[in-house]
>>> print(open('structure-v3.csv').read())   # CSV, C-alpha atoms and all ligand atoms
chain,number,residue,atom,x,y,z
A,1,MET,CA,-18.8,-9.1,-0.8
A,2,ASN,CA,-20.8,-9.2,-4.0
A,3,ILE,CA,-19.6,-6.4,-6.4
A,4,ILE,CA,-23.1,-5.6,-7.7
A,5,GLU,CA,-24.6,-5.4,-4.2
A,6,SER,CA,-21.9,-3.1,-2.9
A,7,ALA,CA,-21.7,-0.9,-6.0
A,8,GLY,CA,-21.9,2.8,-5.6
A,9,LYS,CA,-21.6,5.1,-8.5
A,10,PRO,CA,-18.9,4.5,-11.1
A,11,ILE,CA,-15.8,6.6,-10.3
A,12,LEU,CA,-13.5,5.3,-13.0
A,13,GLU,CA,-14.4,3.6,-16.3
A,14,ILE,CA,-11.8,2.1,-18.6
A,15,LYS,CA,-13.1,1.1,-22.1
A,16,ASN,CA,-11.1,-0.9,-24.6
A,17,LEU,CA,-7.8,0.5,-23.4
A,18,SER,CA,-4.7,-0.4,-25.5
A,19,LYS,CA,-1.2,0.9,-25.3
A,20,ASP,CA,1.9,0.3,-27.4
A,21,PHE,CA,5.5,1.3,-26.7
A,22,GLY,CA,6.9,1.2,-30.2
A,23,ASN,CA,6.3,-2.4,-31.4
A,24,ASN,CA,5.6,-3.6,-27.9
A,25,ARG,CA,1.9,-4.0,-27.2
A,26,VAL,CA,1.7,-3.5,-23.4
A,27,LEU,CA,-2.1,-3.3,-22.9
A,28,THR,CA,-4.7,-5.0,-25.0
A,29,GLY,CA,-8.4,-4.1,-24.7
A,30,ILE,CA,-8.7,-3.4,-21.0
A,31,ASP,CA,-12.3,-2.9,-19.8
A,32,LEU,CA,-12.9,-2.0,-16.1
A,33,THR,CA,-15.4,0.0,-14.1
A,34,VAL,CA,-14.5,0.9,-10.5
A,35,TYR,CA,-17.2,2.1,-8.1
A,36,GLU,CA,-17.2,4.5,-5.2
A,37,GLY,CA,-15.9,3.1,-2.0
A,38,GLU,CA,-14.2,0.1,-3.6
A,39,ILE,CA,-10.7,-1.0,-2.8
A,40,ILE,CA,-9.4,-2.6,-6.0
A,41,GLY,CA,-6.4,-4.9,-5.7
A,42,TYR,CA,-4.6,-4.5,-9.0
A,43,ILE,CA,-2.1,-7.3,-9.4
A,44,GLY,CA,-0.1,-9.0,-12.1
A,45,PRO,CA,3.4,-10.3,-12.9
A,46,ASN,CA,6.4,-7.9,-13.4
A,47,GLY,CA,6.0,-6.1,-16.7
A,48,ALA,CA,2.2,-6.9,-17.0
A,49,GLY,CA,1.3,-3.3,-17.5
A,50,LYS,CA,0.0,-2.2,-14.1
A,51,SER,CA,2.0,1.0,-13.7
A,52,THR,CA,1.3,1.9,-17.4
A,53,THR,CA,-2.4,1.7,-16.7
A,54,VAL,CA,-2.1,3.8,-13.6
A,55,LYS,CA,0.1,6.4,-15.4
A,56,ILE,CA,-2.5,6.7,-18.2
A,57,MET,CA,-5.2,7.3,-15.6
A,58,LEU,CA,-3.1,10.0,-14.0
A,59,GLY,CA,-2.6,11.7,-17.3
A,60,LEU,CA,1.2,11.0,-17.3
A,61,ILE,CA,0.9,9.0,-20.5
A,62,ASP,CA,-1.5,10.4,-23.1
A,63,ASP,CA,-1.0,8.5,-26.3
A,64,TYR,CA,-3.2,5.4,-25.8
A,65,ASN,CA,-6.3,3.9,-27.6
A,66,GLY,CA,-9.6,3.6,-25.8
A,67,GLN,CA,-11.5,5.8,-23.4
A,68,ILE,CA,-10.9,6.6,-19.7
A,69,THR,CA,-13.7,8.3,-17.8
A,70,ILE,CA,-12.9,9.6,-14.2
A,71,PHE,CA,-15.6,11.3,-12.1
A,72,GLY,CA,-17.8,11.2,-15.2
A,73,GLU,CA,-15.3,13.1,-17.5
A,74,ASN,CA,-13.3,11.7,-20.4
A,75,ILE,CA,-9.8,12.5,-19.3
A,76,ALA,CA,-8.7,13.1,-22.9
A,77,ALA,CA,-11.1,16.1,-23.1
A,78,GLY,CA,-8.4,18.3,-21.6
A,79,ASP,CA,-10.0,19.4,-18.4
A,80,GLN,CA,-7.3,18.8,-15.7
A,81,THR,CA,-9.5,19.5,-12.7
A,82,TYR,CA,-10.1,15.8,-12.0
A,83,LYS,CA,-6.4,15.6,-11.0
A,84,LYS,CA,-7.1,17.7,-7.9
A,85,ARG,CA,-9.4,14.9,-6.6
A,86,ILE,CA,-6.7,12.2,-7.1
A,87,GLY,CA,-4.0,11.1,-4.7
A,88,TYR,CA,-1.0,9.0,-5.9
A,89,VAL,CA,1.7,7.0,-4.1
A,90,PRO,CA,4.2,6.0,-6.8
A,91,GLU,CA,6.3,2.8,-6.5
A,92,THR,CA,9.5,4.9,-6.6
A,93,ALA,CA,9.4,8.6,-6.1
A,94,ASP,CA,11.8,11.4,-6.6
A,95,LEU,CA,11.1,13.1,-3.4
A,96,TYR,CA,12.8,16.5,-3.4
A,97,GLU,CA,15.4,15.3,-1.0
A,98,ASN,CA,16.9,18.7,-0.3
A,99,LEU,CA,13.6,19.9,1.1
A,100,THR,CA,12.6,19.2,4.7
A,101,ALA,CA,9.4,17.1,5.2
A,102,GLN,CA,7.6,20.3,6.0
A,103,GLU,CA,8.7,22.1,2.9
A,104,TYR,CA,7.9,19.1,0.7
A,105,LEU,CA,4.4,18.5,2.1
A,106,VAL,CA,3.5,22.2,2.0
A,107,PHE,CA,4.7,22.3,-1.6
A,108,ILE,CA,2.7,19.3,-2.6
A,109,GLY,CA,-0.4,20.7,-0.7
A,110,GLU,CA,0.0,23.9,-2.6
A,111,LEU,CA,0.2,22.1,-5.9
A,112,TYR,CA,-3.2,20.6,-5.1
A,113,GLY,CA,-4.6,24.0,-4.5
A,114,MET,CA,-4.4,24.1,-0.7
A,115,GLU,CA,-3.4,27.2,1.3
A,116,ALA,CA,0.1,26.8,2.7
A,117,GLU,CA,-1.1,27.4,6.3
A,118,GLU,CA,-3.7,24.6,6.0
A,119,ALA,CA,-1.3,22.2,4.3
A,120,ASP,CA,1.3,22.9,7.1
A,121,TRP,CA,-1.3,22.4,9.9
A,122,LYS,CA,-2.6,19.1,8.4
A,123,ALA,CA,0.9,17.8,7.6
A,124,LEU,CA,2.2,18.4,11.1
A,125,LYS,CA,-0.8,16.6,12.6
A,126,LEU,CA,-0.3,13.7,10.2
A,127,VAL,CA,3.4,13.3,10.7
A,128,ARG,CA,2.7,13.3,14.5
A,129,LEU,CA,0.4,10.3,14.0
A,130,PHE,CA,3.0,8.5,11.9
A,131,GLU,CA,5.6,9.3,14.6
A,132,ILE,CA,8.0,11.2,12.4
A,133,ASP,CA,7.2,14.7,13.7
A,134,ASN,CA,10.7,14.8,15.2
A,135,VAL,CA,12.1,15.1,11.7
A,136,TYR,CA,9.4,17.4,10.3
A,137,HIS,CA,12.1,20.2,9.8
A,138,THR,CA,14.8,17.8,8.7
A,139,ARG,CA,15.9,17.2,5.1
A,140,ILE,CA,14.3,14.2,3.5
A,141,ALA,CA,17.7,13.0,2.2
A,142,SER,CA,18.6,11.8,5.7
A,143,PHE,CA,15.3,9.8,6.1
A,144,SER,CA,15.1,6.0,6.3
A,145,LYS,CA,13.1,4.2,3.6
A,146,GLY,CA,10.1,3.8,5.8
A,147,MET,CA,10.2,7.4,6.9
A,148,LYS,CA,10.2,8.5,3.2
A,149,GLN,CA,7.3,6.2,2.5
A,150,LYS,CA,5.3,7.8,5.4
A,151,VAL,CA,6.0,11.3,3.8
A,152,LEU,CA,4.7,9.9,0.4
A,153,ILE,CA,1.6,8.5,2.0
A,154,ILE,CA,0.8,11.8,3.8
A,155,SER,CA,1.5,13.8,0.6
A,156,SER,CA,-1.0,11.6,-1.3
A,157,LEU,CA,-3.8,12.3,1.2
A,158,LEU,CA,-3.2,15.9,2.3
A,159,HIS,CA,-5.8,17.3,-0.1
A,160,ASN,CA,-8.4,14.7,0.9
A,161,PRO,CA,-8.7,13.0,-2.6
A,162,ASP,CA,-11.7,11.0,-3.6
A,163,LEU,CA,-9.6,8.5,-5.7
A,164,LEU,CA,-6.3,7.1,-4.6
A,165,PHE,CA,-3.7,5.2,-6.7
A,166,LEU,CA,-1.3,3.3,-4.5
A,167,ASP,CA,1.7,1.5,-5.9
A,168,GLU,CA,3.3,-0.7,-3.2
A,169,PRO,CA,2.3,1.8,-0.5
A,170,LEU,CA,3.6,-0.4,2.4
A,171,SER,CA,7.1,-0.7,1.0
A,172,GLY,CA,9.6,-0.2,3.8
A,173,LEU,CA,7.0,0.3,6.6
A,174,ASP,CA,7.4,-1.6,9.8
A,175,ALA,CA,4.7,-4.0,11.0
A,176,ASN,CA,3.0,-1.5,13.3
A,177,SER,CA,2.9,1.1,10.6
A,178,VAL,CA,1.5,-1.5,8.1
A,179,MET,CA,-1.4,-2.1,10.5
A,180,VAL,CA,-2.1,1.6,10.8
A,181,VAL,CA,-2.0,2.2,7.0
A,182,LYS,CA,-4.2,-0.9,6.3
A,183,GLU,CA,-6.8,0.5,8.8
A,184,ILE,CA,-6.6,4.0,7.3
A,185,LEU,CA,-7.4,2.5,3.8
A,186,ALA,CA,-10.3,0.5,5.1
A,187,GLN,CA,-11.7,3.6,6.9
A,188,LEU,CA,-11.2,5.8,3.8
A,189,ALA,CA,-13.1,3.3,1.7
A,190,ALA,CA,-15.9,3.1,4.2
A,191,GLN,CA,-16.2,6.9,3.9
A,192,GLY,CA,-16.7,6.5,0.1
A,193,LYS,CA,-13.1,7.0,-1.2
A,194,THR,CA,-12.1,4.7,-4.0
A,195,ILE,CA,-8.7,3.0,-3.8
A,196,PHE,CA,-6.7,1.4,-6.6
A,197,TYR,CA,-4.2,-0.7,-4.8
A,198,SER,CA,-1.3,-2.2,-6.8
A,199,SER,CA,1.1,-4.6,-5.0
A,200,HIS,CA,3.0,-7.8,-5.2
A,201,ILE,CA,2.3,-8.7,-1.5
A,202,MET,CA,-0.5,-11.1,-2.1
A,203,ASP,CA,-1.7,-11.7,1.5
A,204,VAL,CA,-2.2,-8.0,2.0
A,205,VAL,CA,-4.1,-7.6,-1.3
A,206,GLU,CA,-6.2,-10.7,-0.4
A,207,LYS,CA,-7.2,-9.1,3.0
A,208,ILE,CA,-7.8,-5.5,2.1
A,209,SER,CA,-9.3,-5.6,-1.4
A,210,HIS,CA,-13.1,-5.7,-2.0
A,211,ARG,CA,-12.3,-6.8,-5.5
A,212,ILE,CA,-9.2,-8.2,-7.2
A,213,VAL,CA,-8.2,-7.5,-10.8
A,214,LEU,CA,-5.4,-9.5,-12.3
A,215,LEU,CA,-3.5,-8.3,-15.3
A,216,SER,CA,-1.4,-10.7,-17.3
A,217,GLU,CA,0.5,-9.8,-20.5
A,218,GLY,CA,-1.6,-6.7,-20.9
A,219,LYS,CA,-5.0,-8.4,-20.5
A,220,LEU,CA,-7.4,-8.7,-17.6
A,221,VAL,CA,-7.5,-12.4,-16.7
A,222,ALA,CA,-9.6,-12.2,-13.5
A,223,ASP,CA,-11.9,-9.7,-11.9
A,224,GLY,CA,-13.9,-10.5,-8.7
A,225,SER,CA,-13.8,-10.6,-5.0
A,226,PHE,CA,-11.3,-13.1,-3.4
A,227,GLU,CA,-14.2,-15.4,-2.6
A,228,GLU,CA,-15.4,-15.3,-6.3
A,229,LEU,CA,-11.8,-16.0,-7.5
A,230,LYS,CA,-11.6,-18.9,-5.2
A,231,GLN,CA,-14.8,-20.4,-6.5
A,232,GLN,CA,-13.7,-19.9,-10.1
A,233,ASN,CA,-10.2,-21.3,-9.5
A,234,ILE,CA,-8.5,-23.6,-7.1
A,235,GLU,CA,-9.2,-23.3,-3.4
A,236,GLY,CA,-6.2,-21.6,-1.8
A,237,SER,CA,-4.5,-18.4,-1.1
A,238,LEU,CA,-4.4,-15.5,-3.6
A,239,GLU,CA,-0.7,-16.4,-4.2
A,240,GLU,CA,-1.8,-19.8,-5.4
A,241,ILE,CA,-4.6,-18.3,-7.6
A,242,PHE,CA,-2.1,-15.9,-9.0
A,243,ASN,CA,0.3,-18.7,-9.8
A,244,GLN,CA,-2.5,-20.7,-11.5
A,245,LEU,CA,-3.9,-17.8,-13.5
A,246,THR,CA,-0.5,-16.7,-14.8
A,247,GLY,CA,0.4,-20.3,-15.6
A,248,PHE,CA,3.4,-20.5,-13.3
A,249,ASP,CA,4.4,-23.8,-11.7
A,250,ARG,CA,8.2,-23.7,-11.9
A,251,HIS,CA,9.4,-22.0,-8.7
A,252,LYS,CA,11.1,-25.1,-7.3
A,253,GLN,CA,12.9,-25.9,-10.6
A,254,ILE,CA,14.1,-22.3,-11.0
A,255,ALA,CA,15.2,-22.2,-7.4
A,256,GLU,CA,17.1,-25.5,-7.8
A,257,GLU,CA,18.9,-24.3,-10.9
A,258,PHE,CA,19.6,-20.9,-9.4
A,259,THR,CA,21.2,-22.3,-6.3
A,260,ALA,CA,23.2,-24.8,-8.5
A,261,ILE,CA,24.6,-22.0,-10.5
A,262,VAL,CA,25.4,-20.0,-7.4
A,263,GLN,CA,27.4,-23.0,-6.2
A,264,GLY,CA,29.2,-23.2,-9.5
A,265,ASP,CA,27.6,-26.4,-10.5
A,266,ARG,CA,27.9,-26.4,-14.4
A,267,LYS,CA,26.2,-29.7,-14.9
A,268,ASN,CA,22.9,-28.9,-13.1
A,269,GLY,CA,22.8,-25.2,-13.4
A,270,GLN,CA,21.3,-25.0,-16.9
A,271,LEU,CA,17.9,-23.6,-17.6
A,301,LIG,N1,8.4,4.4,-21.1
A,301,LIG,C1,8.4,3.2,-21.5
A,301,LIG,N2,9.0,2.9,-22.7
A,301,LIG,C2,9.0,1.7,-23.3
A,301,LIG,N3,8.5,0.6,-22.7
A,301,LIG,C3,7.9,0.8,-21.4
A,301,LIG,C4,7.8,2.1,-20.8
A,301,LIG,N4,7.2,1.9,-19.6
A,301,LIG,C5,6.9,0.6,-19.5
A,301,LIG,N5,7.3,0.0,-20.6
A,301,LIG,C6,7.1,-1.5,-20.8
A,301,LIG,O1,5.8,-1.8,-20.6
A,301,LIG,C7,5.6,-3.1,-20.0
A,301,LIG,C8,4.8,-2.9,-18.8
A,301,LIG,O2,5.5,-2.1,-17.8
A,301,LIG,P1,4.8,-1.7,-16.5
A,301,LIG,O3,5.8,-0.8,-15.8
A,301,LIG,O4,3.4,-1.1,-16.8
A,301,LIG,O5,4.6,-3.1,-15.7
A,301,LIG,P2,4.1,-3.4,-14.2
A,301,LIG,O6,3.0,-4.4,-14.4
A,301,LIG,O7,3.8,-2.2,-13.5
A,301,LIG,O8,5.4,-4.2,-13.7
A,301,LIG,P3,6.1,-4.2,-12.2
A,301,LIG,O9,5.2,-5.2,-11.4
A,301,LIG,O10,7.4,-4.8,-12.5
A,301,LIG,O11,6.1,-2.9,-11.6
A,301,LIG,C9,7.0,-3.6,-19.8
A,301,LIG,O12,7.4,-4.4,-20.8
A,301,LIG,C10,7.9,-2.3,-19.8
A,301,LIG,O13,9.2,-2.6,-20.3
>>> encode(input="structure-v3.csv", output="structure tokens")
Amino acid sequence: MNIIESAGKPILEIKNLSKDFGNNRVLTGIDLTVYEGEIIGYIGPNGAGKSTTVKIMLGLIDDYNGQITIFGENIAAGDQTYKKRIGYVPETADLYENLTAQEYLVFIGELYGMEAEEADWKALKLVRLFEIDNVYHTRIASFSKGMKQKVLIISSLLHNPDLLFLDEPLSGLDANSVMVVKEILAQLAAQGKTIFYSSHIMDVVEKISHRIVLLSEGKLVADGSFEELKQQNIEGSLEEIFNQLTGFDRHKQIAEEFTAIVQGDRKNGQL
């Protein structure tokens, strides 16, 4: 899909964003405009700065250089109301494990300004669809990883946000649930919701994203649909394009040395 043809109105604009942690420059001059109804696959190597970008947009990190505009408002201006229109699935979450799923979901719904009764009604319907309604009144501490992930996904959507930030949202989900969630994301985007999807699972990113943005060492090194990236780079999977754009071609050598060291081979096991 051509980005310009499909573009709705801008929902999120990042201009010249830079961020340092002490002497460590983590983001360098990021420029990105995201439009209504887009699913952006936000990818990059470990430590590239993806979570940092998302945390800045969520208002969790506020000392940065550059300008971020969400729903037409500069988020540094101090008006926090934009947060009510945002949903977030973090990579790792401190769910309040002593709460039951119901208590947690109603609590999160209320944080977003929902009435408890409405949050409870919606949450119960959604846990039924995810087939975890049998544990709605059970403490989250006893849940499996996938069950916790389902609670997180529901909690990010309860208040019907217009902009969603998802960090490895499929983590721990079984194959059937993955199909359901991928379809939910496609339908939300078709309804005009904007989705910022961060993941290391390249074949999923390749399939669900309208547009792929690749961050490497704090800089944007690619921005386009999968078809566009393929034209600009080698023909192949997104995984191969990722390898190429991040200059990585040593997986065999690293694996050979790794297994040699595991076997106690002092001669060959040296990087
Ligand atoms: N609070 C912090 N204090 C200091 N350095 C930080 C902090 N948070 C992140 N960093 C550093 O910023 C860099 C980018 O981290 P970030 O978590 O944004 O990467 P990422 O692209 O999300 O990585 P991953 O794919 O592994 O989740 C890393 O070098 C990390 O060590």
>>> closest_residue(input="structure-v3.csv", among="A:Ala101, A:Gly59, A:Leu164, A:Ser225", to="Asn134 (chain A)", atoms="all atoms listed in the file")
A:Ala101
>>> atom_distance(input="structure-v3.csv", atom1="CA of Val180 (chain A)", atom2="CA of Ser209 (chain A)")
15.9 Å
>>> closest_atom_pairs(input="structure-v3.csv", of="chain A", to="ligand LIG 301 (chain A)", cutoff="8 Å", atoms="all atoms listed in the file", output="Markdown table")
| residue | atom | partner | partner_atom | distance |
| --- | --- | --- | --- | --- |
| A:Phe21 | CA | A:LIG301 | C2 | 4.9 |
| A:Gly22 | CA | A:LIG301 | C2 | 7.2 |
| A:Asn24 | CA | A:LIG301 | N3 | 7.3 |
| A:Arg25 | CA | A:LIG301 | O1 | 8.0 |
| A:Val26 | CA | A:LIG301 | C7 | 5.2 |
| A:Ile43 | CA | A:LIG301 | O6 | 7.7 |
| A:Gly44 | CA | A:LIG301 | O6 | 6.0 |
| A:Pro45 | CA | A:LIG301 | O9 | 5.6 |
| A:Asn46 | CA | A:LIG301 | O10 | 3.4 |
| A:Gly47 | CA | A:LIG301 | O5 | 3.5 |
| A:Ala48 | CA | A:LIG301 | O6 | 3.7 |
| A:Gly49 | CA | A:LIG301 | O4 | 3.1 |
| A:Lys50 | CA | A:LIG301 | O6 | 3.7 |
| A:Ser51 | CA | A:LIG301 | O7 | 3.7 |
| A:Thr52 | CA | A:LIG301 | O4 | 3.7 |
| A:Thr53 | CA | A:LIG301 | O4 | 6.4 |
| A:Glu91 | CA | A:LIG301 | O11 | 7.7 |
| A:Ser199 | CA | A:LIG301 | O9 | 7.6 |
| A:His200 | CA | A:LIG301 | O9 | 7.1 |
| A:Leu215 | CA | A:LIG301 | O6 | 7.6 |
| A:Gly218 | CA | A:LIG301 | C8 | 7.7 |
>>> residues_around(input="structure-v3.csv", residues="region 12-19 of chain A", least_positions_apart="2", cutoff="9 Å", atoms="all atoms listed in the file", output="JSON list (two decimals) with C-alpha atoms, keeping the file's coordinate frame")
[["chain", "number", "residue", "atom", "x", "y", "z"],
["A", 10, "PRO", "CA", -18.90, 4.50, -11.10],
["A", 21, "PHE", "CA", 5.50, 1.30, -26.70],
["A", 24, "ASN", "CA", 5.60, -3.60, -27.90],
["A", 25, "ARG", "CA", 1.90, -4.00, -27.20],
["A", 26, "VAL", "CA", 1.70, -3.50, -23.40],
["A", 27, "LEU", "CA", -2.10, -3.30, -22.90],
["A", 28, "THR", "CA", -4.70, -5.00, -25.00],
["A", 29, "GLY", "CA", -8.40, -4.10, -24.70],
["A", 30, "ILE", "CA", -8.70, -3.40, -21.00],
["A", 31, "ASP", "CA", -12.30, -2.90, -19.80],
["A", 32, "LEU", "CA", -12.90, -2.00, -16.10],
["A", 33, "THR", "CA", -15.40, 0.00, -14.10],
["A", 34, "VAL", "CA", -14.50, 0.90, -10.50],
["A", 35, "TYR", "CA", -17.20, 2.10, -8.10],
["A", 36, "GLU", "CA", -17.20, 4.50, -5.20],
["A", 52, "THR", "CA", 1.30, 1.90, -17.40],
["A", 53, "THR", "CA", -2.40, 1.70, -16.70],
["A", 57, "MET", "CA", -5.20, 7.30, -15.60],
["A", 63, "ASP", "CA", -1.00, 8.50, -26.30],
["A", 64, "TYR", "CA", -3.20, 5.40, -25.80],
["A", 65, "ASN", "CA", -6.30, 3.90, -27.60],
["A", 66, "GLY", "CA", -9.60, 3.60, -25.80],
["A", 67, "GLN", "CA", -11.50, 5.80, -23.40],
["A", 68, "ILE", "CA", -10.90, 6.60, -19.70],
["A", 69, "THR", "CA", -13.70, 8.30, -17.80],
["A", 70, "ILE", "CA", -12.90, 9.60, -14.20],
["A", 71, "PHE", "CA", -15.60, 11.30, -12.10],
["A", 72, "GLY", "CA", -17.80, 11.20, -15.20],
["A", 163, "LEU", "CA", -9.60, 8.50, -5.70],
["A", 218, "GLY", "CA", -1.60, -6.70, -20.90]]
>>> atom_distance(input="structure-v3.csv", atom1="CA of Ile208 (chain A)", atom2="CA of Lys148 (chain A)")
22.8 Å
>>> closest_residue(input="structure-v3.csv", among="A:Glu206, A:Asp94, A:Glu38, A:Glu235", to="Leu188 (chain A)", atoms="only C-alpha atoms")
A:Glu38
>>> atom_distance(input="structure-v3.csv", atom1="CA of Glu103 (chain A)", atom2="CA of Asp79 (chain A)")
28.5 Å
>>> closest_residue(input="structure-v3.csv", among="A:Leu214, A:Val54, A:Ile108, A:Ala222", to="His159 (chain A)", atoms="only C-alpha atoms")
A:Ile108
>>> residues_near_point(input="structure-v3.csv", point="(-9.8, -16.2, -1.1)", cutoff="9 Å", atoms="all atoms listed in the file", output="list in words")
Glu206, Lys207, Ser225, Phe226, Glu227, Glu228, Leu229, Lys230, Gln231, Glu235, Gly236, Ser237, Leu238 and Ile241 of chain A
>>> closest_residue(input="structure-v3.csv", among="A:Ala116, A:Ile184, A:Leu105, A:Leu170", to="Val151 (chain A)", atoms="only C-alpha atoms")
A:Leu105
>>> closest_residue(input="structure-v3.csv", among="A:Gly78, A:Gly87, A:Gly172, A:Gly192", to="Lys145 (chain A)", atoms="all atoms listed in the file")
A:Gly172
>>> closest_residue(input="structure-v3.csv", among="A:Tyr104, A:Phe143, A:Ala189, A:Arg250", to="Gly8 (chain A)", atoms="all atoms listed in the file")
A:Ala189
>>> residues_around(input="structure-v3.csv", residues="Ser177 (chain A)", least_positions_apart="6", cutoff="12 Å", atoms="only C-alpha atoms", output="number ranges by chain")
A: 129-132, 146-147, 149-150, 153, 169-171, 183-184
>>> residues_around(input="structure-v3.csv", residues="Ala141 (chain A)", least_positions_apart="2", cutoff="8 Å", atoms="all atoms listed in the file", output="list in words")
Glu97, Asn98, Arg139 and Phe143 of chain A
>>> build_atoms(input="structure-v3.csv", residues="region 233-246 of chain A", atoms="N, CA and C atoms", output="CSV table (one decimal), in the coordinates of the input")
chain,number,residue,atom,x,y,z
A,233,ASN,N,-11.5,-20.7,-9.3
A,233,ASN,CA,-10.2,-21.3,-9.5
A,233,ASN,C,-10.0,-22.4,-8.4
A,234,ILE,N,-8.7,-22.6,-8.1
A,234,ILE,CA,-8.5,-23.6,-7.1
A,234,ILE,C,-8.8,-23.0,-5.7
A,235,GLU,N,-9.1,-23.8,-4.8
A,235,GLU,CA,-9.2,-23.3,-3.4
A,235,GLU,C,-7.8,-23.0,-2.9
A,236,GLY,N,-7.6,-21.9,-2.3
A,236,GLY,CA,-6.2,-21.6,-1.8
A,236,GLY,C,-6.0,-20.1,-1.6
A,237,SER,N,-4.8,-19.8,-1.4
A,237,SER,CA,-4.5,-18.4,-1.1
A,237,SER,C,-4.5,-17.6,-2.5
A,238,LEU,N,-4.5,-16.3,-2.4
A,238,LEU,CA,-4.4,-15.5,-3.6
A,238,LEU,C,-3.1,-15.8,-4.3
A,239,GLU,N,-2.0,-16.0,-3.6
A,239,GLU,CA,-0.7,-16.4,-4.2
A,239,GLU,C,-0.9,-17.6,-5.1
A,240,GLU,N,-1.6,-18.6,-4.6
A,240,GLU,CA,-1.8,-19.8,-5.4
A,240,GLU,C,-2.7,-19.5,-6.7
A,241,ILE,N,-3.7,-18.7,-6.4
A,241,ILE,CA,-4.6,-18.3,-7.6
A,241,ILE,C,-3.8,-17.6,-8.6
A,242,PHE,N,-2.9,-16.7,-8.1
A,242,PHE,CA,-2.1,-15.9,-9.0
A,242,PHE,C,-1.2,-16.8,-9.8
A,243,ASN,N,-0.5,-17.8,-9.1
A,243,ASN,CA,0.3,-18.7,-9.8
A,243,ASN,C,-0.5,-19.5,-10.9
A,244,GLN,N,-1.7,-19.9,-10.5
A,244,GLN,CA,-2.5,-20.7,-11.5
A,244,GLN,C,-2.9,-19.8,-12.7
A,245,LEU,N,-3.4,-18.6,-12.4
A,245,LEU,CA,-3.9,-17.8,-13.5
A,245,LEU,C,-2.8,-17.3,-14.4
A,246,THR,N,-1.6,-17.2,-13.9
A,246,THR,CA,-0.5,-16.7,-14.8
A,246,THR,C,0.3,-17.9,-15.3
